[in-house]
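Chemist: Sharing data32.txt below, compact mmCIF, C-alpha atoms:
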# COMPACT_ATOMS: atom_id res chain seq x y z
CA MET A 648 14.44 14.25 -6.00
CA SER A 649 11.16 14.88 -7.81
CA ASN A 650 8.05 15.75 -5.84
CA ARG A 651 6.43 12.51 -6.94
CA LYS A 652 9.41 10.42 -5.86
CA ALA A 653 9.54 12.20 -2.49
CA GLU A 654 5.80 11.62 -2.05
CA LEU A 655 6.23 7.92 -2.89
CA GLU A 656 9.17 7.58 -0.47
CA THR A 657 7.06 9.16 2.30
CA LEU A 658 4.13 6.90 1.48
CA LYS A 659 6.46 3.88 1.43
CA ALA A 660 7.80 4.73 4.91
CA ASP A 661 4.24 5.20 6.22
CA LEU A 662 3.18 1.81 4.83
CA ILE A 663 6.22 0.07 6.32
CA ALA A 664 5.39 1.58 9.72
CA ARG A 665 1.78 0.45 9.32
CA LEU A 666 2.92 -3.10 8.52
CA GLU A 667 5.04 -3.12 11.67
CA ARG A 668 1.97 -2.18 13.72
CA TYR A 669 -0.09 -4.93 12.06
CA GLU A 670 2.63 -7.47 12.75
CA ALA A 671 2.84 -6.36 16.39
CA HIS A 672 -0.92 -6.80 16.68
CA GLN A 673 -0.77 -10.28 15.17
CA GLN A 674 2.03 -11.30 17.52
CA ARG A 675 -0.14 -10.23 20.44
CA LYS A 676 2.39 -7.71 21.71
CA GLY A 677 -0.53 -6.03 23.47
CA GLY A 678 -1.30 -9.22 25.43
CA ALA A 679 -2.89 -12.63 24.96
CA LEU A 680 -6.51 -13.26 24.02
CA ASP A 681 -9.05 -12.35 26.68
CA LYS A 682 -10.48 -15.26 28.69
CA ASP A 683 -14.06 -14.06 28.06
CA SER A 684 -15.40 -15.95 25.01
CA GLU A 685 -17.33 -12.92 23.70
CA GLU A 686 -14.22 -10.80 23.97
CA GLN A 687 -12.19 -13.54 22.26
CA ALA A 688 -14.66 -13.58 19.37
CA SER A 689 -14.27 -9.82 19.02
CA GLN A 690 -10.48 -10.07 19.12
CA ILE A 691 -10.49 -12.82 16.48
CA GLN A 692 -12.74 -10.71 14.26
CA ASN A 693 -10.31 -7.82 14.72
CA ASP A 694 -7.48 -10.15 13.68
CA GLU A 695 -9.31 -10.92 10.43
CA VAL A 696 -9.69 -7.19 9.72
CA VAL A 697 -6.01 -6.60 10.46
CA ASP A 698 -5.06 -9.50 8.16
CA SER A 699 -7.08 -7.93 5.35
CA LEU A 700 -5.56 -4.49 5.97
CA GLU A 701 -2.08 -6.00 6.01
CA GLU A 702 -2.69 -7.70 2.66
CA GLU A 703 -3.91 -4.42 1.11
CA THR A 704 -0.94 -2.55 2.56
CA ARG A 705 1.54 -5.09 1.16
CA ALA A 706 -0.08 -4.81 -2.30
CA GLU A 707 0.11 -1.00 -2.21
CA LEU A 708 3.72 -1.15 -1.02
CA ALA A 709 4.59 -3.44 -3.95
CA GLN A 710 3.02 -0.94 -6.38
CA ILE A 711 5.02 1.88 -4.83
CA LYS A 712 8.27 -0.06 -5.17
CA VAL A 713 7.57 -0.68 -8.87
CA ALA A 714 6.72 3.00 -9.42
CA LEU A 715 9.96 4.08 -7.68
CA GLU A 716 12.00 1.67 -9.81
CA ARG A 717 10.39 3.10 -12.94
CA ILE A 718 11.17 6.65 -11.80
CA ASP A 719 14.80 5.66 -11.19
CA GLN A 720 14.90 4.20 -14.72
CA GLY A 721 13.55 7.48 -16.14
CA ILE A 722 10.27 5.95 -17.31
CA GLY A 723 8.08 6.71 -14.30
CA GLU A 724 5.69 8.93 -16.20
CA GLU A 725 5.21 6.58 -19.16
CA CYS A 726 2.47 3.98 -19.29
CA GLU A 727 4.00 0.52 -18.93
CA VAL A 728 1.41 -0.88 -21.37
CA CYS A 729 1.26 1.58 -24.26
CA GLY A 730 4.32 3.77 -23.55
CA LYS A 731 2.38 7.04 -23.79
CA PRO A 732 2.73 9.70 -21.07
CA ILE A 733 0.52 9.23 -18.01
CA ASP A 734 -1.64 12.31 -17.40
CA PRO A 735 -0.03 14.36 -14.57
CA ARG A 736 -3.47 14.69 -12.93
CA ARG A 737 -3.67 10.88 -12.72
CA LEU A 738 -0.20 10.75 -11.18
CA GLN A 739 -1.25 13.38 -8.67
CA VAL A 740 -4.21 11.27 -7.56
CA LEU A 741 -2.45 7.87 -7.85
CA PRO A 742 1.27 8.61 -7.55
CA TYR A 743 2.13 4.89 -7.71
CA THR A 744 0.23 4.18 -10.92
CA THR A 745 2.20 2.79 -13.83
CA VAL A 746 -0.56 2.88 -16.44
CA CYS A 747 -2.51 5.60 -18.21
CA VAL A 748 -6.27 5.96 -17.85
CA ASN A 749 -6.96 4.27 -21.19
CA CYS A 750 -4.89 1.17 -20.35
CA ALA A 751 -6.30 1.02 -16.80
CA GLU A 752 -9.82 0.78 -18.26
CA ASP A 753 -8.91 -2.09 -20.61
Just give me the structure of the file as structure tokens.
Modeler:
Amino acid sequence: MSNRKAELETLKADLIARLERYEAHQQRKGGALDKDSEEQASQIQNDEVVDSLEEETRAELAQIKVALERIDQGIGEECEVCGKPIDPRRLQVLPYTTVCVNCAED
């Protein structure tokens, strides 16, 4: 397994674990809302933050799955827009990217 694929698999597992924690939070596995209205407001605000984080995590996980599929197909280091090689430095910084710098800017 390539280093990039191993890194993506590790990142994928981390994101799945993070999603499980977010879901546990949303299902109130830590307990019901506090009876104090100020504390409830704080908990609701926290829920909104967790919802936003969950959405970002799901989007990143989707990108990782696409990148892994492309690696399995043997095209993981080619830009999906122009077909040119993606700079290895870009892949090092954004291992789940599927586009080169030029196409990302367009």
Chemist: Have a look at A:Glu724, A:Asp661, A:Glu702, A:Asp734 and name the one nearest to A:Ser649; count all atoms listed in the file.
Modeler: A:Glu724
Chemist: Which residue out of A:Ile718, A:Leu708, A:Val696, A:Cys747 has the minimum interatomic distance to A:Ala664 when all atoms listed in the file are used?
Modeler: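 Closest to A:Ala664 of all the choices is A:Leu708.
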Chemist: Could you please determine the separation between atom CA of A:Asn749 and atom CA of A:Thr704 in Å, to one decimal place?
Modeler: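 So the answer is 25.4 Å.
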Chemist: Which residue is closest to A:Lys659? Choose from A:Leu700, A:Val713, A:Ile733, A:Val746 and count all atoms listed in the file.
Modeler: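 When distances to A:Lys659 are compared using all atoms listed in the file, the smallest one comes from A:Val713.
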Chemist: In terms of the shortest atom-to-atom distance over all atoms listed in the file, which of A:Ala671, A:Cys726, A:Leu662, A:Leu741 is closest to A:Glu703?
Modeler: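 Of all the options, A:Leu662 lies closest to A:Glu703.
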Chemist: From the set A:Val697, A:Gln674, A:Arg651, A:Glu752, which residue has the shortest atom-to-atom contact distance to A:Arg736, counting all atoms listed in the file?
Modeler: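 For A:Arg736, the nearest of the given residues is A:Arg651.
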Chemist: From the list A:Cys750, A:Pro732, A:Leu715, A:Glu707, which residue is nearest A:Glu654 when using all atoms listed in the file?
Modeler: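 Smallest distance to A:Glu654 is found for A:Leu715.
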Chemist: Report, in Å to a single decimal, how far apart atom CA of A:Ile711 and atom CA of A:Pro742 are.
Modeler: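 Here the two named atoms are 8.2 Å from each other.
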Chemist: Around all listed atoms of stretch 718-731 of chain A, padded 3 Å per side, what centre and edge lengths does the axis-aligned box have in Å to one decimal, as JSON?
Modeler:
{"center_x": 8.1, "center_y": 4.0, "center_z": -17.7, "size_x": 19.6, "size_y": 15.8, "size_z": 19.1}
